[in-house]
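One structure is given here, and the rest of the page talks about it.
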Amino acid sequence: MFVLLRHLQRVRREADLPRRSGARSLAIRHVDAGSCNACEHELTATAAPQYDLQRYGLDIVASPRHADVLLVTGPVTTRMATALSRAYEAMPEPRLVAALGDCALGCGVLADPEQIAPPLEQLLPVDIRIPGCPPSPEAIAGAILAAYDA
């Protein structure tokens, strides 16, 4: 374990990552509303040593009751619309909604129109838009950190 931690420190040093500033934190609740999982793979990469969003106090949480940001991936299906609204309502104020990827933004979804709910922006107030199919880890990290600093 010690060797692994030393290797991680070396990778962070070589990547010239900035140090965490301040003692703020932001809890993110991720909801897959019907995606192809490409955005999830890129979101997972933001936890890698190259980006390491946890050093900024950003954490993925399991409950919307502990979340500050609702991060939605994929087109919202008719079966997920109610669950998504319930997750949003369970979040404490102030709360933000992030649309991750073109599908969540309602851009050119390839699916049965009867199974797709209206775009996320028509269901919930979207504060953070992260375009791309899928967006790169840099774009995801940049958009979340920009909202975090605002």
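Residue numbering restarts at 1 for every chain of the structure tokens, chains are lettered A, B, ... in their displayed order, and ligands are numbered from 1 as they appear.
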List every residue of stretch 76-118 of chain A that has an atom at most 10 Å from any atom of stretch 22-38 of chain A, and for each one report the closest atom pair and its distance in Å to one decimal, counting only C-alpha atoms, with rows sorted by chain and then by increasing residue number, as JSON lines.
```
{"residue": "A:Val76", "atom": "CA", "partner": "A:Ala33", "partner_atom": "CA", "distance": 4.9}
{"residue": "A:Thr77", "atom": "CA", "partner": "A:Gly34", "partner_atom": "CA", "distance": 6.0}
{"residue": "A:Thr78", "atom": "CA", "partner": "A:Ala33", "partner_atom": "CA", "distance": 9.3}
{"residue": "A:Arg79", "atom": "CA", "partner": "A:Ala33", "partner_atom": "CA", "distance": 8.7}
{"residue": "A:Met80", "atom": "CA", "partner": "A:Ala33", "partner_atom": "CA", "distance": 5.8}
{"residue": "A:Ala81", "atom": "CA", "partner": "A:Ala33", "partner_atom": "CA", "distance": 7.8}
{"residue": "A:Ala83", "atom": "CA", "partner": "A:Ala33", "partner_atom": "CA", "distance": 9.1}
{"residue": "A:Leu84", "atom": "CA", "partner": "A:Val31", "partner_atom": "CA", "distance": 7.5}
{"residue": "A:Ala87", "atom": "CA", "partner": "A:Val31", "partner_atom": "CA", "distance": 8.8}
{"residue": "A:Tyr88", "atom": "CA", "partner": "A:Arg29", "partner_atom": "CA", "distance": 9.7}
{"residue": "A:Met91", "atom": "CA", "partner": "A:Arg29", "partner_atom": "CA", "distance": 9.3}
{"residue": "A:Leu96", "atom": "CA", "partner": "A:Ile28", "partner_atom": "CA", "distance": 9.4}
{"residue": "A:Val97", "atom": "CA", "partner": "A:Ile28", "partner_atom": "CA", "distance": 9.6}
{"residue": "A:Ala98", "atom": "CA", "partner": "A:His30", "partner_atom": "CA", "distance": 9.3}
{"residue": "A:Leu100", "atom": "CA", "partner": "A:His30", "partner_atom": "CA", "distance": 9.8}
{"residue": "A:Gly101", "atom": "CA", "partner": "A:Ala38", "partner_atom": "CA", "distance": 9.1}
{"residue": "A:Cys103", "atom": "CA", "partner": "A:Ser35", "partner_atom": "CA", "distance": 7.5}
{"residue": "A:Ala104", "atom": "CA", "partner": "A:Ala33", "partner_atom": "CA", "distance": 8.2}
{"residue": "A:Ile116", "atom": "CA", "partner": "A:Gly34", "partner_atom": "CA", "distance": 9.1}
```
Check the DSSP output for the backbone and give back, as a PDB file with N, CA and C atoms, in the first residue's frame, the residues of chain A in strand (DSSP E).
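This went into selection-v8.pdb:
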```pdb
ATOM      1  N   LEU A  26     -18.380  20.100  -1.909  1.00  0.00           N
ATOM      2  CA  LEU A  26     -19.566  20.044  -2.742  1.00  0.00           C
ATOM      3  C   LEU A  26     -19.921  18.579  -2.930  1.00  0.00           C
ATOM      4  N   ALA A  27     -21.137  18.216  -2.591  1.00  0.00           N
ATOM      5  CA  ALA A  27     -21.598  16.832  -2.728  1.00  0.00           C
ATOM      6  C   ALA A  27     -22.415  16.707  -4.007  1.00  0.00           C
ATOM      7  N   ILE A  28     -22.087  15.705  -4.811  1.00  0.00           N
ATOM      8  CA  ILE A  28     -22.722  15.503  -6.113  1.00  0.00           C
ATOM      9  C   ILE A  28     -23.493  14.192  -6.098  1.00  0.00           C
ATOM     10  N   ARG A  29     -24.748  14.238  -6.507  1.00  0.00           N
ATOM     11  CA  ARG A  29     -25.558  13.031  -6.665  1.00  0.00           C
ATOM     12  C   ARG A  29     -25.716  12.791  -8.149  1.00  0.00           C
ATOM     13  N   HIS A  30     -25.169  11.695  -8.636  1.00  0.00           N
ATOM     14  CA  HIS A  30     -25.241  11.359 -10.054  1.00  0.00           C
ATOM     15  C   HIS A  30     -26.467  10.497 -10.312  1.00  0.00           C
ATOM     16  N   VAL A  31     -27.233  10.839 -11.356  1.00  0.00           N
ATOM     17  CA  VAL A  31     -28.388  10.050 -11.772  1.00  0.00           C
ATOM     18  C   VAL A  31     -28.248   9.739 -13.255  1.00  0.00           C
ATOM     19  N   ASP A  32     -28.233   8.457 -13.581  1.00  0.00           N
ATOM     20  CA  ASP A  32     -28.236   8.005 -14.976  1.00  0.00           C
ATOM     21  C   ASP A  32     -29.691   7.892 -15.387  1.00  0.00           C
ATOM     22  N   LEU A  58     -14.864  17.860  -3.874  1.00  0.00           N
ATOM     23  CA  LEU A  58     -16.011  17.366  -4.641  1.00  0.00           C
ATOM     24  C   LEU A  58     -16.138  15.865  -4.444  1.00  0.00           C
ATOM     25  N   ASP A  59     -17.307  15.427  -3.981  1.00  0.00           N
ATOM     26  CA  ASP A  59     -17.532  14.010  -3.731  1.00  0.00           C
ATOM     27  C   ASP A  59     -18.857  13.575  -4.328  1.00  0.00           C
ATOM     28  N   ILE A  60     -18.897  12.342  -4.806  1.00  0.00           N
ATOM     29  CA  ILE A  60     -20.139  11.730  -5.273  1.00  0.00           C
ATOM     30  C   ILE A  60     -20.793  11.087  -4.046  1.00  0.00           C
ATOM     31  N   VAL A  69     -25.472  19.113  -5.691  1.00  0.00           N
ATOM     32  CA  VAL A  69     -25.614  19.122  -7.147  1.00  0.00           C
ATOM     33  C   VAL A  69     -26.241  17.808  -7.597  1.00  0.00           C
ATOM     34  N   LEU A  70     -27.235  17.899  -8.476  1.00  0.00           N
ATOM     35  CA  LEU A  70     -27.816  16.724  -9.112  1.00  0.00           C
ATOM     36  C   LEU A  70     -27.217  16.657 -10.508  1.00  0.00           C
ATOM     37  N   LEU A  71     -26.379  15.668 -10.762  1.00  0.00           N
ATOM     38  CA  LEU A  71     -25.684  15.510 -12.043  1.00  0.00           C
ATOM     39  C   LEU A  71     -26.413  14.451 -12.859  1.00  0.00           C
ATOM     40  N   VAL A  72     -27.010  14.843 -13.983  1.00  0.00           N
ATOM     41  CA  VAL A  72     -27.846  13.960 -14.785  1.00  0.00           C
ATOM     42  C   VAL A  72     -27.133  13.615 -16.087  1.00  0.00           C
ATOM     43  N   THR A  73     -27.100  12.319 -16.404  1.00  0.00           N
ATOM     44  CA  THR A  73     -26.551  11.859 -17.674  1.00  0.00           C
ATOM     45  C   THR A  73     -27.635  11.127 -18.447  1.00  0.00           C
ATOM     46  N   LEU A  96     -28.213  22.700  -7.120  1.00  0.00           N
ATOM     47  CA  LEU A  96     -27.882  22.929  -8.519  1.00  0.00           C
ATOM     48  C   LEU A  96     -28.187  21.669  -9.317  1.00  0.00           C
ATOM     49  N   VAL A  97     -28.450  21.847 -10.610  1.00  0.00           N
ATOM     50  CA  VAL A  97     -28.651  20.727 -11.527  1.00  0.00           C
ATOM     51  C   VAL A  97     -27.629  20.864 -12.639  1.00  0.00           C
ATOM     52  N   ALA A  98     -26.927  19.764 -12.929  1.00  0.00           N
ATOM     53  CA  ALA A  98     -25.944  19.740 -14.010  1.00  0.00           C
ATOM     54  C   ALA A  98     -26.381  18.727 -15.054  1.00  0.00           C
ATOM     55  N   ALA A  99     -26.384  19.142 -16.312  1.00  0.00           N
ATOM     56  CA  ALA A  99     -26.688  18.251 -17.430  1.00  0.00           C
ATOM     57  C   ALA A  99     -25.356  17.848 -18.060  1.00  0.00           C
ATOM     58  N   LEU A 100     -25.025  16.574 -17.971  1.00  0.00           N
ATOM     59  CA  LEU A 100     -23.745  16.060 -18.466  1.00  0.00           C
ATOM     60  C   LEU A 100     -23.956  15.329 -19.777  1.00  0.00           C
ATOM     61  N   ILE A 128     -25.829  24.002 -14.748  1.00  0.00           N
ATOM     62  CA  ILE A 128     -24.523  23.681 -15.340  1.00  0.00           C
ATOM     63  C   ILE A 128     -24.753  22.841 -16.579  1.00  0.00           C
ATOM     64  N   ARG A 129     -24.234  23.306 -17.715  1.00  0.00           N
ATOM     65  CA  ARG A 129     -24.354  22.566 -18.979  1.00  0.00           C
ATOM     66  C   ARG A 129     -22.974  22.097 -19.400  1.00  0.00           C
ATOM     67  N   ILE A 130     -22.843  20.773 -19.609  1.00  0.00           N
ATOM     68  CA  ILE A 130     -21.562  20.202 -20.006  1.00  0.00           C
ATOM     69  C   ILE A 130     -21.789  19.464 -21.326  1.00  0.00           C
TER      70      ILE A 130
END
```
Item to check | Members of chain A assigned alpha helix (DSSP H) by DSSP, as an MDAnalysis selection string | outcome: chainID A and resid 2:15 38:45 81:90 120:123 137:149
Item to check | A:Ala62, A:Ile140, A:Ala146, A:Leu105 ranked by distance to A:Val126, top pick (using only C-alpha atoms) | outcome: A:Leu105
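For the atom pair formed by atom CA of A:Ala90 and atom CA of A:Arg65, the distance is 5.5 Å, given to one decimal.
Interatomic distance, atom CA of A:His7 to atom CA of A:Ser136: 24.6 Å.
Atom pair atom CA of A:Leu145 / atom CA of A:Arg86 has a distance of 25.8 Å (rounded to one decimal).
Comparing A:Pro49, A:Gly106, A:Pro135, A:Pro94 by their smallest distance to A:Leu120, the closest is A:Gly106 (using only C-alpha atoms).
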